[in-house]
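Chemist: Structure supplied as protein_23.cif; contents: mmCIF, C-alpha atoms.
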```
data_input
loop_
_atom_site.label_atom_id
_atom_site.label_comp_id
_atom_site.auth_asym_id
_atom_site.auth_seq_id
_atom_site.Cartn_x
_atom_site.Cartn_y
_atom_site.Cartn_z
CA MET J 1339 -11.85 -27.55 -23.56
CA ALA J 1340 -12.39 -31.12 -22.59
CA HIS J 1341 -8.91 -32.39 -23.40
CA PHE J 1342 -6.59 -32.78 -20.45
CA HIS J 1343 -3.46 -31.00 -21.54
CA ARG J 1344 -4.46 -27.40 -21.51
CA THR J 1345 -1.83 -24.89 -22.55
CA ALA J 1346 -1.20 -21.30 -21.57
CA ALA J 1347 1.01 -18.59 -23.03
CA PHE J 1348 2.12 -15.32 -21.45
CA HIS J 1349 3.34 -11.93 -22.60
CA THR J 1350 4.50 -9.15 -20.27
CA LEU J 1351 4.77 -5.45 -20.98
CA GLY J 1352 6.30 -2.94 -18.58
CA CYS J 1353 8.35 -3.08 -15.42
CA LYS J 1354 9.99 -5.83 -13.39
CA LEU J 1355 7.01 -5.91 -11.01
CA ASN J 1356 4.90 -7.00 -13.97
CA PHE J 1357 7.35 -9.79 -14.82
CA ALA J 1358 7.19 -11.02 -11.22
CA GLU J 1359 3.40 -10.99 -11.36
CA THR J 1360 3.27 -12.84 -14.63
CA SER J 1361 5.39 -15.60 -13.16
CA THR J 1362 3.07 -15.83 -10.15
CA ILE J 1363 0.05 -16.16 -12.45
CA ALA J 1364 1.93 -18.67 -14.63
CA ARG J 1365 2.75 -20.74 -11.55
CA GLN J 1366 -0.92 -20.80 -10.55
CA LEU J 1367 -1.86 -22.10 -13.98
CA THR J 1368 0.91 -24.71 -14.17
CA ASP J 1369 -0.02 -25.90 -10.65
CA ALA J 1370 -3.56 -26.35 -11.96
CA GLY J 1371 -2.32 -28.57 -14.79
CA TYR J 1372 -1.69 -26.14 -17.63
CA ASP J 1373 1.42 -26.51 -19.80
CA LYS J 1374 3.29 -23.31 -20.53
CA VAL J 1375 4.01 -22.63 -24.23
CA ASN J 1376 5.47 -19.76 -26.24
CA PHE J 1377 3.25 -16.82 -27.01
CA ASP J 1378 3.30 -17.44 -30.77
CA ASP J 1379 2.39 -21.12 -30.32
CA LYS J 1380 -1.12 -22.47 -30.30
CA ALA J 1381 -2.42 -22.15 -26.71
CA ASP J 1382 -5.77 -22.51 -24.97
CA ILE J 1383 -5.21 -19.35 -22.98
CA TYR J 1384 -3.18 -16.23 -23.70
CA VAL J 1385 -2.45 -13.92 -20.76
CA ILE J 1386 -1.21 -10.43 -21.59
CA ASN J 1387 0.10 -8.38 -18.64
CA THR J 1388 -0.15 -4.71 -19.63
CA CYS J 1389 1.53 -1.46 -18.65
CA SER J 1390 -0.05 2.01 -18.51
CA VAL J 1391 3.12 4.07 -18.41
CA THR J 1392 4.20 3.58 -22.03
CA GLU J 1393 3.18 6.18 -24.60
CA ASN J 1394 1.23 3.75 -26.74
CA ALA J 1395 -0.23 1.35 -24.16
CA ASP J 1396 -3.40 0.95 -26.19
CA ARG J 1397 -1.61 0.11 -29.43
CA GLU J 1398 0.73 -2.37 -27.73
CA CYS J 1399 -2.19 -4.13 -26.12
CA LYS J 1400 -4.05 -4.45 -29.45
CA LEU J 1401 -0.91 -5.68 -31.18
CA HIS J 1402 -0.45 -8.60 -28.78
CA VAL J 1403 -4.15 -9.48 -28.85
CA LYS J 1404 -3.78 -9.80 -32.64
CA ARG J 1405 -0.74 -12.04 -32.19
CA ALA J 1406 -2.71 -14.31 -29.86
CA VAL J 1407 -5.73 -14.52 -32.13
CA LYS J 1408 -3.44 -15.30 -35.07
CA ALA J 1409 -1.71 -18.11 -33.14
CA ASN J 1410 -5.05 -19.64 -32.13
CA PRO J 1411 -8.39 -18.09 -33.12
CA GLU J 1412 -10.09 -20.41 -30.62
CA GLY J 1413 -7.82 -19.46 -27.68
CA LEU J 1414 -9.07 -17.38 -24.78
CA VAL J 1415 -7.41 -13.98 -24.43
CA VAL J 1416 -7.07 -12.57 -20.91
CA ILE J 1417 -5.78 -9.05 -20.29
CA VAL J 1418 -4.39 -8.17 -16.84
CA GLY J 1419 -2.12 -5.49 -15.38
CA CYS J 1420 -2.04 -1.72 -15.09
CA TYR J 1421 -3.67 -0.81 -18.35
CA ALA J 1422 -6.40 -3.37 -17.64
CA GLN J 1423 -7.21 -1.54 -14.40
CA LEU J 1424 -6.86 1.94 -15.91
CA LYS J 1425 -9.05 1.42 -18.99
CA PRO J 1426 -10.96 -1.86 -18.52
CA GLU J 1427 -14.00 -0.91 -20.62
CA GLU J 1428 -11.91 0.17 -23.60
CA ILE J 1429 -9.88 -3.04 -23.53
CA SER J 1430 -13.02 -5.18 -23.35
CA GLN J 1431 -14.07 -3.67 -26.70
CA ILE J 1432 -10.89 -4.88 -28.45
CA GLU J 1433 -11.80 -7.65 -30.84
CA GLY J 1434 -10.60 -11.02 -29.53
CA VAL J 1435 -10.43 -10.09 -25.83
CA ASP J 1436 -12.42 -12.48 -23.63
CA LEU J 1437 -11.56 -11.42 -20.09
CA VAL J 1438 -10.15 -8.33 -18.40
CA LEU J 1439 -8.91 -8.66 -14.81
CA GLY J 1440 -8.00 -5.75 -12.52
CA ALA J 1441 -5.17 -5.38 -10.02
CA LYS J 1442 -6.61 -7.66 -7.33
CA GLU J 1443 -8.59 -10.02 -9.54
CA LYS J 1444 -5.67 -11.24 -11.62
CA PHE J 1445 -4.33 -13.32 -8.72
CA ASN J 1446 -7.57 -15.24 -8.76
CA ILE J 1447 -7.41 -15.97 -12.47
CA LEU J 1448 -8.30 -19.66 -12.13
CA SER J 1449 -11.75 -19.05 -10.70
CA TYR J 1450 -12.58 -16.74 -13.60
CA LEU J 1451 -11.30 -19.18 -16.24
CA ASP J 1452 -13.50 -22.05 -15.11
CA ASP J 1453 -16.70 -20.62 -16.52
CA LEU J 1454 -15.25 -18.71 -19.46
CA GLU J 1455 -16.29 -19.56 -22.99
CA LYS J 1456 -14.89 -18.07 -26.17
CA SER J 1457 -17.47 -15.47 -27.10
CA GLY J 1458 -17.91 -13.40 -30.18
CA SER J 1459 -19.08 -10.42 -28.16
CA GLU J 1460 -17.05 -8.07 -25.99
CA GLY J 1461 -14.83 -9.27 -23.15
CA ILE J 1462 -16.02 -9.67 -19.58
CA VAL J 1463 -14.54 -7.24 -17.07
CA HIS J 1464 -13.75 -8.04 -13.43
CA SER J 1465 -12.09 -5.01 -11.95
CA CYS J 1466 -12.91 -3.42 -8.59
CA GLU J 1467 -12.32 0.28 -8.26
CA ILE J 1468 -9.30 0.80 -5.99
CA GLU J 1469 -10.50 3.37 -3.47
CA GLU J 1470 -9.18 6.89 -3.57
CA THR J 1471 -7.79 7.88 -0.19
CA ASP J 1472 -8.54 11.33 1.11
CA PHE J 1473 -7.02 13.57 3.74
CA PHE J 1474 -8.14 12.93 7.27
CA ILE J 1475 -6.96 14.49 10.46
CA GLY J 1476 -8.23 12.57 13.42
CA SER J 1477 -7.83 12.66 17.13
CA TYR J 1478 -9.41 9.40 18.09
CA SER J 1479 -9.32 7.76 21.39
CA ILE J 1480 -10.47 4.20 21.14
CA GLY J 1481 -11.37 3.30 17.56
CA ASP J 1482 -12.44 -0.24 18.36
CA ARG J 1483 -11.75 -2.68 21.14
CA THR J 1484 -8.50 -3.71 19.49
CA ARG J 1485 -6.56 -0.48 19.09
CA ALA J 1486 -6.42 3.02 20.50
CA PHE J 1487 -5.20 6.19 18.84
CA LEU J 1488 -2.98 8.17 21.16
CA LYS J 1489 -2.46 11.76 20.14
CA VAL J 1490 0.93 13.09 21.24
CA GLN J 1491 1.30 16.25 19.16
CA ASP J 1492 -0.79 18.83 17.28
CA GLY J 1493 -0.23 21.67 14.82
CA CYS J 1494 2.66 22.17 12.41
CA ASP J 1495 5.40 24.75 11.87
CA TYR J 1496 6.09 23.68 8.31
CA LYS J 1497 4.94 25.90 5.46
CA CYS J 1498 4.24 23.39 2.70
CA THR J 1499 2.72 25.39 -0.13
CA TYR J 1500 -0.35 23.16 -0.66
CA CYS J 1501 -1.38 22.82 2.98
CA THR J 1502 -3.83 24.69 5.20
CA ILE J 1503 -3.06 22.77 8.37
CA PRO J 1504 -0.86 25.51 9.92
CA LEU J 1505 -3.78 27.93 9.41
CA ALA J 1506 -6.31 25.51 10.81
CA ARG J 1507 -4.36 23.84 13.60
CA GLY J 1508 -1.77 26.39 14.65
CA ILE J 1509 1.86 25.99 15.68
CA SER J 1510 3.50 22.71 16.58
CA ARG J 1511 2.90 21.72 20.18
CA SER J 1512 3.30 18.50 22.13
CA ASP J 1513 1.77 16.72 25.06
CA THR J 1514 4.17 16.28 28.02
CA ILE J 1515 5.96 12.97 28.11
CA GLU J 1516 4.49 12.25 31.59
CA ASN J 1517 0.97 12.66 30.26
CA VAL J 1518 1.61 10.49 27.19
CA LEU J 1519 2.97 7.71 29.43
CA LYS J 1520 0.02 8.05 31.80
CA ASN J 1521 -2.42 7.71 28.87
CA ALA J 1522 -0.53 4.74 27.47
CA THR J 1523 -0.65 2.99 30.86
CA GLU J 1524 -4.40 3.62 31.13
CA ILE J 1525 -4.94 2.18 27.63
CA ALA J 1526 -2.89 -0.88 28.58
CA GLY J 1527 -5.20 -1.38 31.56
CA LYS J 1528 -8.23 -1.59 29.24
CA ASP J 1529 -6.98 -4.76 27.51
CA ILE J 1530 -6.34 -2.89 24.26
CA LYS J 1531 -3.59 -4.61 22.34
CA GLU J 1532 -2.39 -1.88 20.01
CA ILE J 1533 -1.67 1.82 20.29
CA VAL J 1534 -1.31 4.01 17.20
CA LEU J 1535 0.68 7.19 17.89
CA THR J 1536 -0.83 10.14 16.07
CA GLY J 1537 -0.22 13.83 15.60
CA VAL J 1538 -0.16 16.40 12.82
CA ASN J 1539 3.63 16.37 12.65
CA ILE J 1540 4.54 13.58 15.05
CA GLY J 1541 8.30 13.56 14.37
CA ASP J 1542 8.41 17.15 15.69
CA TYR J 1543 7.40 15.77 19.10
CA GLY J 1544 8.87 17.62 22.05
CA LYS J 1545 8.51 21.09 20.63
CA GLY J 1546 6.00 23.09 22.68
CA GLU J 1547 5.90 20.51 25.44
CA PHE J 1548 5.48 23.27 28.03
CA GLY J 1549 3.12 25.54 26.11
CA ASN J 1550 6.06 27.54 24.73
CA LYS J 1551 8.85 26.53 22.37
CA ARG J 1552 10.83 24.98 25.24
CA HIS J 1553 11.14 21.24 25.28
CA GLU J 1554 13.18 18.59 27.00
CA HIS J 1555 12.29 15.62 24.89
CA THR J 1556 12.53 14.44 21.31
CA PHE J 1557 10.62 11.89 19.29
CA LEU J 1558 13.38 9.39 20.05
CA ASP J 1559 12.92 9.99 23.82
CA LEU J 1560 9.18 9.52 23.43
CA ILE J 1561 9.41 6.15 21.71
CA SER J 1562 12.18 4.92 24.05
CA GLU J 1563 9.96 5.68 27.06
CA LEU J 1564 6.81 4.21 25.49
CA ASP J 1565 8.67 1.01 24.71
CA LYS J 1566 9.01 0.44 28.46
CA VAL J 1567 5.27 0.64 29.23
CA ASN J 1568 4.02 -2.77 30.33
CA GLY J 1569 0.92 -4.42 28.95
CA ILE J 1570 0.94 -3.00 25.43
CA GLU J 1571 1.54 -5.63 22.81
CA ARG J 1572 2.01 -3.31 19.87
CA ILE J 1573 2.76 0.33 19.18
CA ARG J 1574 2.42 1.64 15.63
CA ILE J 1575 3.83 4.99 14.53
CA SER J 1576 1.45 6.78 12.19
CA SER J 1577 2.69 9.21 9.56
CA ILE J 1578 6.16 10.72 10.15
CA GLU J 1579 8.10 13.22 8.03
CA PRO J 1580 11.19 11.69 6.37
CA ASN J 1581 13.52 14.44 7.59
CA LEU J 1582 12.38 13.82 11.20
CA LEU J 1583 12.62 10.04 11.07
CA LYS J 1584 16.21 9.69 12.23
CA ASP J 1585 18.33 6.56 11.92
CA GLU J 1586 18.35 6.24 15.74
CA SER J 1587 14.54 5.96 15.78
CA ILE J 1588 14.62 3.36 13.01
CA GLU J 1589 17.24 1.39 14.98
CA LEU J 1590 15.14 1.60 18.13
CA VAL J 1591 12.03 0.25 16.37
CA SER J 1592 14.07 -2.62 14.92
CA LYS J 1593 15.18 -3.75 18.39
CA SER J 1594 12.08 -2.73 20.29
CA ARG J 1595 9.76 -4.81 22.41
CA SER J 1596 6.48 -3.29 21.28
CA PHE J 1597 7.08 -1.03 18.24
CA VAL J 1598 6.02 -2.81 15.06
CA PRO J 1599 7.95 -2.80 11.76
CA HIS J 1600 5.57 -0.45 9.95
CA PHE J 1601 6.27 3.12 8.87
CA HIS J 1602 4.17 5.63 6.99
CA ILE J 1603 6.36 8.31 5.43
CA PRO J 1604 4.94 11.12 3.27
CA LEU J 1605 6.85 11.69 0.04
CA GLN J 1606 4.36 13.86 -1.92
CA SER J 1607 6.53 13.90 -5.07
CA GLY J 1608 9.43 11.97 -6.54
CA SER J 1609 10.61 15.07 -8.43
CA ASP J 1610 13.13 17.28 -6.63
CA ASP J 1611 11.90 20.32 -8.58
CA LEU J 1612 8.39 19.79 -7.24
CA LEU J 1613 9.56 19.04 -3.69
CA LYS J 1614 11.21 22.47 -3.74
CA LYS J 1615 8.02 24.12 -5.08
CA MET J 1616 6.08 22.36 -2.32
CA LYS J 1617 8.62 23.64 0.26
CA ARG J 1618 9.16 20.14 1.61
CA ARG J 1619 12.18 19.78 3.91
CA TYR J 1620 14.04 17.04 2.04
CA LEU J 1621 14.82 15.82 -1.49
CA THR J 1622 14.45 12.37 -3.01
CA LYS J 1623 17.95 11.29 -1.97
CA LEU J 1624 17.15 11.64 1.73
CA TYR J 1625 13.85 9.82 1.24
CA ASN J 1626 15.59 7.01 -0.60
CA ASP J 1627 18.18 6.74 2.22
CA ARG J 1628 15.45 6.47 4.89
CA VAL J 1629 13.64 3.67 3.05
CA LYS J 1630 16.90 1.81 2.41
CA LYS J 1631 17.83 2.13 6.11
CA ILE J 1632 14.49 0.67 7.23
CA HIS J 1633 14.87 -2.12 4.73
CA GLU J 1634 18.38 -2.87 5.89
CA VAL J 1635 17.47 -3.33 9.59
CA MET J 1636 13.91 -4.65 9.05
CA PRO J 1637 13.68 -6.46 5.70
CA ASP J 1638 10.01 -7.33 6.28
CA ALA J 1639 8.87 -3.87 7.39
CA ALA J 1640 5.81 -2.35 5.74
CA ILE J 1641 6.39 1.14 4.37
CA GLY J 1642 3.44 3.31 3.36
CA VAL J 1643 3.87 6.50 1.34
CA ASP J 1644 1.71 9.61 0.81
CA VAL J 1645 1.86 11.12 -2.68
CA ILE J 1646 0.14 14.11 -4.25
CA VAL J 1647 -0.59 14.10 -7.98
CA GLY J 1648 -1.41 17.10 -10.14
CA PHE J 1649 0.49 19.73 -8.16
CA PRO J 1650 1.04 22.90 -10.25
CA GLY J 1651 4.05 22.36 -12.51
CA GLU J 1652 3.74 18.56 -12.50
CA THR J 1653 4.45 17.92 -16.16
CA GLU J 1654 4.06 14.43 -17.62
CA GLU J 1655 7.83 14.07 -17.26
CA ARG J 1656 7.83 15.02 -13.57
CA PHE J 1657 4.91 12.69 -12.89
CA LEU J 1658 6.84 9.82 -14.47
CA GLU J 1659 9.82 10.73 -12.28
CA THR J 1660 7.55 10.16 -9.27
CA TYR J 1661 6.09 6.98 -10.75
CA ASN J 1662 9.49 5.47 -11.51
CA PHE J 1663 11.00 6.56 -8.19
CA LEU J 1664 8.19 4.77 -6.32
CA ASN J 1665 8.27 1.76 -8.59
CA GLU J 1666 11.96 1.20 -7.83
CA LEU J 1667 11.67 1.72 -4.04
CA PRO J 1668 11.00 -1.24 -1.73
CA ILE J 1669 7.76 0.25 -0.38
CA THR J 1670 4.50 -1.52 0.43
CA TYR J 1671 1.56 0.73 -0.44
CA LEU J 1672 0.64 4.30 -1.36
CA HIS J 1673 -1.97 6.77 -0.18
CA VAL J 1674 -2.60 8.89 -3.25
CA PHE J 1675 -4.10 12.35 -3.02
CA THR J 1676 -5.30 14.42 -5.95
CA TYR J 1677 -4.08 17.99 -5.57
CA SER J 1678 -6.90 20.44 -5.10
CA GLU J 1679 -6.55 24.19 -4.77
CA ARG J 1680 -6.96 25.41 -1.20
CA GLU J 1681 -7.62 29.09 -0.44
CA ASN J 1682 -4.83 31.05 1.23
CA THR J 1683 -2.10 28.67 0.11
CA GLU J 1684 0.88 29.61 -2.04
CA ALA J 1685 0.29 26.75 -4.45
CA ALA J 1686 -3.14 28.11 -5.39
CA GLU J 1687 -1.38 31.11 -6.99
CA MET J 1688 1.16 29.03 -8.95
CA ASP J 1689 1.04 28.55 -12.68
CA GLY J 1690 1.46 25.26 -14.55
CA ILE J 1691 -2.02 24.11 -13.56
CA VAL J 1692 -2.63 20.43 -14.36
CA PRO J 1693 -6.05 19.71 -15.95
CA VAL J 1694 -8.39 17.90 -13.55
CA SER J 1695 -8.87 14.97 -15.94
CA GLU J 1696 -5.09 14.47 -16.03
CA ARG J 1697 -4.91 14.65 -12.21
CA LYS J 1698 -7.52 11.89 -12.02
CA LYS J 1699 -5.68 9.70 -14.51
CA ARG J 1700 -2.38 10.07 -12.61
CA ASN J 1701 -4.14 9.31 -9.34
CA LYS J 1702 -5.49 6.11 -10.82
CA MET J 1703 -2.09 5.09 -12.22
CA LEU J 1704 -0.52 5.43 -8.78
CA ARG J 1705 -3.38 3.59 -7.05
CA ILE J 1706 -2.80 0.70 -9.44
CA LEU J 1707 0.94 0.82 -8.68
CA SER J 1708 0.04 0.76 -4.98
CA GLU J 1709 -2.06 -2.37 -5.42
CA LYS J 1710 0.81 -4.04 -7.31
CA LYS J 1711 3.33 -3.09 -4.65
CA LYS J 1712 1.07 -4.39 -1.90
CA MET J 1713 0.48 -7.69 -3.67
CA ALA J 1714 4.21 -8.10 -4.36
CA PHE J 1715 4.88 -7.49 -0.65
CA TYR J 1716 2.13 -9.91 0.41
CA GLN J 1717 3.64 -12.51 -1.90
CA THR J 1718 6.93 -12.29 0.05
CA GLN J 1719 5.06 -12.97 3.31
CA LEU J 1720 3.30 -16.17 2.18
CA GLY J 1721 4.44 -19.26 4.06
CA LYS J 1722 5.62 -17.24 7.08
CA THR J 1723 4.12 -17.80 10.52
CA LEU J 1724 3.30 -14.37 11.95
CA PRO J 1725 1.34 -12.91 14.88
CA VAL J 1726 -2.09 -11.68 13.80
CA LEU J 1727 -4.21 -9.35 15.94
CA TRP J 1728 -7.90 -10.14 15.22
CA GLU J 1729 -10.56 -7.43 15.06
CA HIS J 1730 -14.15 -7.77 16.24
CA GLU J 1731 -16.03 -7.24 12.99
CA ASN J 1732 -17.88 -10.23 11.53
CA LYS J 1733 -18.16 -9.70 7.78
CA ASP J 1734 -20.14 -12.45 6.06
CA GLY J 1735 -18.74 -15.06 8.42
CA LYS J 1736 -15.14 -13.84 8.10
CA MET J 1737 -12.96 -11.95 10.52
CA PHE J 1738 -9.94 -9.79 9.72
CA GLY J 1739 -6.73 -8.80 11.43
CA PHE J 1740 -3.28 -7.38 10.80
CA THR J 1741 0.19 -8.77 11.23
CA GLU J 1742 2.75 -6.46 12.82
CA ASN J 1743 3.98 -5.53 9.36
CA TYR J 1744 0.49 -4.56 8.24
CA VAL J 1745 -0.55 -7.55 6.14
CA ARG J 1746 -4.35 -7.87 6.21
CA VAL J 1747 -5.35 -11.40 7.05
CA GLN J 1748 -8.69 -13.22 7.15
CA LYS J 1749 -10.16 -16.41 8.58
CA ASP J 1750 -13.57 -17.83 9.46
CA PHE J 1751 -15.15 -15.79 12.25
CA ASP J 1752 -14.50 -17.12 15.72
CA GLU J 1753 -15.76 -15.14 18.72
CA ASN J 1754 -12.90 -16.47 20.88
CA SER J 1755 -10.26 -14.95 18.59
CA VAL J 1756 -11.51 -11.36 18.84
CA ASN J 1757 -8.82 -9.04 20.26
CA THR J 1758 -6.32 -11.88 20.62
CA ILE J 1759 -2.99 -12.35 18.93
CA GLU J 1760 -2.45 -15.70 17.24
CA PHE J 1761 0.65 -16.99 15.45
CA LEU J 1762 -0.61 -18.22 12.10
CA LYS J 1763 0.88 -19.36 8.83
CA LEU J 1764 0.01 -17.08 5.92
CA ASP J 1765 -1.34 -19.36 3.24
CA LYS J 1766 -2.68 -17.66 0.14
CA ILE J 1767 -3.90 -14.40 -1.36
CA GLU J 1768 -7.68 -14.33 -1.70
CA ALA J 1769 -9.81 -12.56 -4.31
CA ASP J 1770 -10.41 -9.59 -2.00
CA GLY J 1771 -6.64 -9.03 -1.66
CA THR J 1772 -6.37 -10.30 1.93
CA ILE J 1773 -4.37 -13.37 2.94
CA SER J 1774 -6.03 -16.46 4.34
CA VAL J 1775 -4.27 -18.42 7.08
CA LEU J 1776 -3.92 -22.04 8.10
CA ASN J 1777 -5.73 -22.65 11.36
CA SER J 1778 -3.82 -22.11 14.56
CA PHE J 1779 -3.47 -25.78 15.42
CA GLU J 1780 -1.65 -26.53 12.15
CA SER J 1781 0.55 -23.46 12.62
CA PHE J 1782 1.22 -24.46 16.20
CA LEU J 1783 2.38 -27.93 15.13
CA GLU J 1784 4.74 -26.38 12.61
CA ARG J 1785 6.26 -24.14 15.30
CA ALA J 1786 6.48 -26.91 17.88
#
```
So, in terms of structure tokens, how does the structure I just supplied come out?
Modeler:
Amino acid sequence: MAHFHRTAAFHTLGCKLNFAETSTIARQLTDAGYDKVNFDDKADIYVINTCSVTENADRECKLHVKRAVKANPEGLVVIVGCYAQLKPEEISQIEGVDLVLGAKEKFNILSYLDDLEKSGSEGIVHSCEIEETDFFIGSYSIGDRTRAFLKVQDGCDYKCTYCTIPLARGISRSDTIENVLKNATEIAGKDIKEIVLTGVNIGDYGKGEFGNKRHEHTFLDLISELDKVNGIERIRISSIEPNLLKDESIELVSKSRSFVPHFHIPLQSGSDDLLKKMKRRYLTKLYNDRVKKIHEVMPDAAIGVDVIVGFPGETEERFLETYNFLNELPITYLHVFTYSERENTEAAEMDGIVPVSERKKRNKMLRILSEKKKMAFYQTQLGKTLPVLWEHENKDGKMFGFTENYVRVQKDFDENSVNTIEFLKLDKIEADGTISVLNSFESFLERA
């Protein structure tokens, strides 16, 4: 491909997120000197952005590969998108496919194109496994020198049908507000910049504050008081049930001094039928309202969501209800759990068992959606100058940190930056899915 005017053509299958991603990839290529042409024209590179939700994802993918090869047998064919992450090996076997890029890799398409030749053999795959998240229940104190986990509540009075926590951790009980504030003040004295509030059902805070069911305080009281503690730069609320996250708490966070715009709200299913079978305390409408409220008062807030796939009775149709519900919501990332039978739970006795292979496939589909959501969110943060709290780890000469709204950022390691907060301009998404920043001096000049 020695000639200067290289051309690229694009075809998108699936949802509006995919269309947004295709235009990002197209912009990268046009910035690098490619001319954009129609998909049925002769092009040097054909990029097909795939979808895994459609019935015949495989057939659609093959069909468009054929179109590309017909338009230019010498052109390079690159497959990206959900189906590319779900079934990379199978796609690489399709005749005419040269390159398959997964959910993170596609944003780094240029570096893969440089050394790509048209080959007669099967396509090359670059696709990292997106990790599966698993349940953890922690009561940490100081995780690293940068943040501390402050446990304010334990146990749970809810009777969700898949969960053994009430059996294992007992009834809902809370630390006294005096004690929480004392702990927070001690943490502040240790030069720790961030506190993460944890509990088993943190929104239920206040219940059992005195060792019985009596309580004087609510979750709203707790966060109002914590916001007044001096010396803490950031407070992050860990997971909180949607029915317990009241508008007043959302309002408080939006105006607060130290609470950051980041929420993690378990959904578990986007199907009302399944939410009822799970004995959750809300339906999708309430969940939708909470997310919209957060978005309204904090447009840049990060919103994480827990979801369970493969719960008994989750038909293909109900799974797609969940998938589409999440796809439409302005959320940032998902923690996806594969349902597994737990002894002594109601769900273990239910019929409508989902085959394990299907559970795994659904888990992977949602993890891919999560990666897409996160990248779409990161895209909206590029060019902004935000405070980054740097962690102490040195990973191959790089250091990492988080913005208040949970964007993971990297820069070259610098001992002096550890455990400090710097205002930096978010520059570009790197191959590992983090964002690199312009150095602080440049950012400082822009702010000045």
Chemist: As a check of understanding, name the residues that the PyMOL selection byres ((chain J and resi 1745-1751) around 8) selects in the supplied structure, as a list in words.
Modeler: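 Going through the file, the PyMOL selection byres ((chain J and resi 1745-1751) around 8) ends up selecting Tyr1716, Val1726, Asn1732, Gly1735, Lys1736, Met1737, Phe1738, Gly1739, Phe1740, Thr1741, Glu1742, Asn1743, Tyr1744, Asp1752, Glu1753, Leu1764, Thr1772, Ile1773, Ser1774 and Val1775 of chain J.
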Chemist: Name the closest residue to Glu1393 of chain J among the candidates J:Ile1447, J:Val1591, J:Cys1498, J:Leu1658; distances are taken between atoms, counting all atoms listed in the file.
Modeler: J:Leu1658
Chemist: Measure the distance from atom CA of Tyr1421 of chain J to atom CA of Thr1368 of chain J in Å and round it to one decimal.
Modeler: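 Answer for the atom CA of Tyr1421 of chain J to atom CA of Thr1368 of chain J separation: 24.7 Å.
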Chemist: What's around Glu1696 of chain J at 12 Å? Count all atoms listed in the file, leave out sequence neighbours fewer than 3 positions away in its own chain, and write the answer as a PyMOL selection string.
Modeler: chain J and resi 1647-1650+1652-1654+1657+1676-1677+1691-1693+1699-1703
Chemist: Give me the residues within 10 Å of His1464 of chain J as a ChimeraX atom specification, counting all atoms listed in the file and dropping any in the same chain fewer than 3 places off.
Modeler: /J:1418,1422-1423,1426,1437-1444,1450,1461,1467
Chemist: I'd like the contact shell of Phe1357 of chain J - 12 Å cut-off, all atoms listed in the file, skipping same-chain residues fewer than 3 positions apart - returned as a list of chain:residue names.
Modeler: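 The neighbour list is J:Phe1348, J:His1349, J:Thr1350, J:Leu1351, J:Gly1352, J:Cys1353, J:Lys1354, J:Thr1360, J:Ser1361, J:Thr1362, J:Ile1363, J:Ala1364, J:Ile1386, J:Asn1387, J:Thr1388, J:Cys1389, J:Gly1419, J:Lys1710, J:Ala1714.
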Chemist: Between atom CA of Glu1666 of chain J and atom CA of Lys1698 of chain J, measure the distance and give it in Å to one decimal.
Modeler: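 Distance reported for this atom pair: 22.6 Å.
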Chemist: List the residues selected by the PyMOL selection byres ((chain J and resi 1563-1575) around 7) in the file shown, writing them as an mmCIF file with C-alpha atoms, in the coordinates of the input.
Modeler:
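Just written: out01.cif:
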```
data_model
loop_
_atom_site.group_PDB
_atom_site.id
_atom_site.type_symbol
_atom_site.label_atom_id
_atom_site.label_comp_id
_atom_site.auth_asym_id
_atom_site.auth_seq_id
_atom_site.Cartn_x
_atom_site.Cartn_y
_atom_site.Cartn_z
ATOM 1 C CA LEU J 1519 2.970 7.710 29.430
ATOM 2 C CA THR J 1523 -0.650 2.990 30.860
ATOM 3 C CA ALA J 1526 -2.890 -0.880 28.580
ATOM 4 C CA LYS J 1531 -3.590 -4.610 22.340
ATOM 5 C CA GLU J 1532 -2.390 -1.880 20.010
ATOM 6 C CA ILE J 1533 -1.670 1.820 20.290
ATOM 7 C CA VAL J 1534 -1.310 4.010 17.200
ATOM 8 C CA LEU J 1535 0.680 7.190 17.890
ATOM 9 C CA ASP J 1559 12.920 9.990 23.820
ATOM 10 C CA LEU J 1560 9.180 9.520 23.430
ATOM 11 C CA ILE J 1561 9.410 6.150 21.710
ATOM 12 C CA SER J 1562 12.180 4.920 24.050
ATOM 13 C CA SER J 1576 1.450 6.780 12.190
ATOM 14 C CA SER J 1577 2.690 9.210 9.560
ATOM 15 C CA SER J 1594 12.080 -2.730 20.290
ATOM 16 C CA ARG J 1595 9.760 -4.810 22.410
ATOM 17 C CA SER J 1596 6.480 -3.290 21.280
ATOM 18 C CA PHE J 1597 7.080 -1.030 18.240
ATOM 19 C CA VAL J 1598 6.020 -2.810 15.060
ATOM 20 C CA HIS J 1600 5.570 -0.450 9.950
ATOM 21 C CA PHE J 1601 6.270 3.120 8.870
#
```
Chemist: Written as a VMD selection string, which residues does the PyMOL selection byres ((chain J and resi 1517) around 12) give for the file shown?
Modeler: chain J and resid 1488 to 1491 1512 to 1516 1518 to 1524 1547 to 1548 1560 1563 to 1564
Chemist: Enumerate, as an MDAnalysis selection string, the protein, DNA and RNA residues whose atoms approach (0.9, 7.9, -6.3) to within 6 Å, taking into account all atoms listed in the file and the coordinate frame of the file.
Modeler: chainID J and resid 1645 1674 1704
Chemist: J:Lys1584, J:Tyr1671, J:Ala1640, J:Ala1685: which is nearest Leu1612 of chain J, counting all atoms listed in the file?
Modeler: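 Distance minimum relative to Leu1612 of chain J lands on J:Ala1685.
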Chemist: List as number ranges by chain the protein and nucleic acid residues near Ala1409 of chain J, meaning an atom at most 7 Å away when all atoms listed in the file are counted, but skip any in the same chain fewer than 3 places from it.
Modeler: J: 1378-1380, 1405-1406
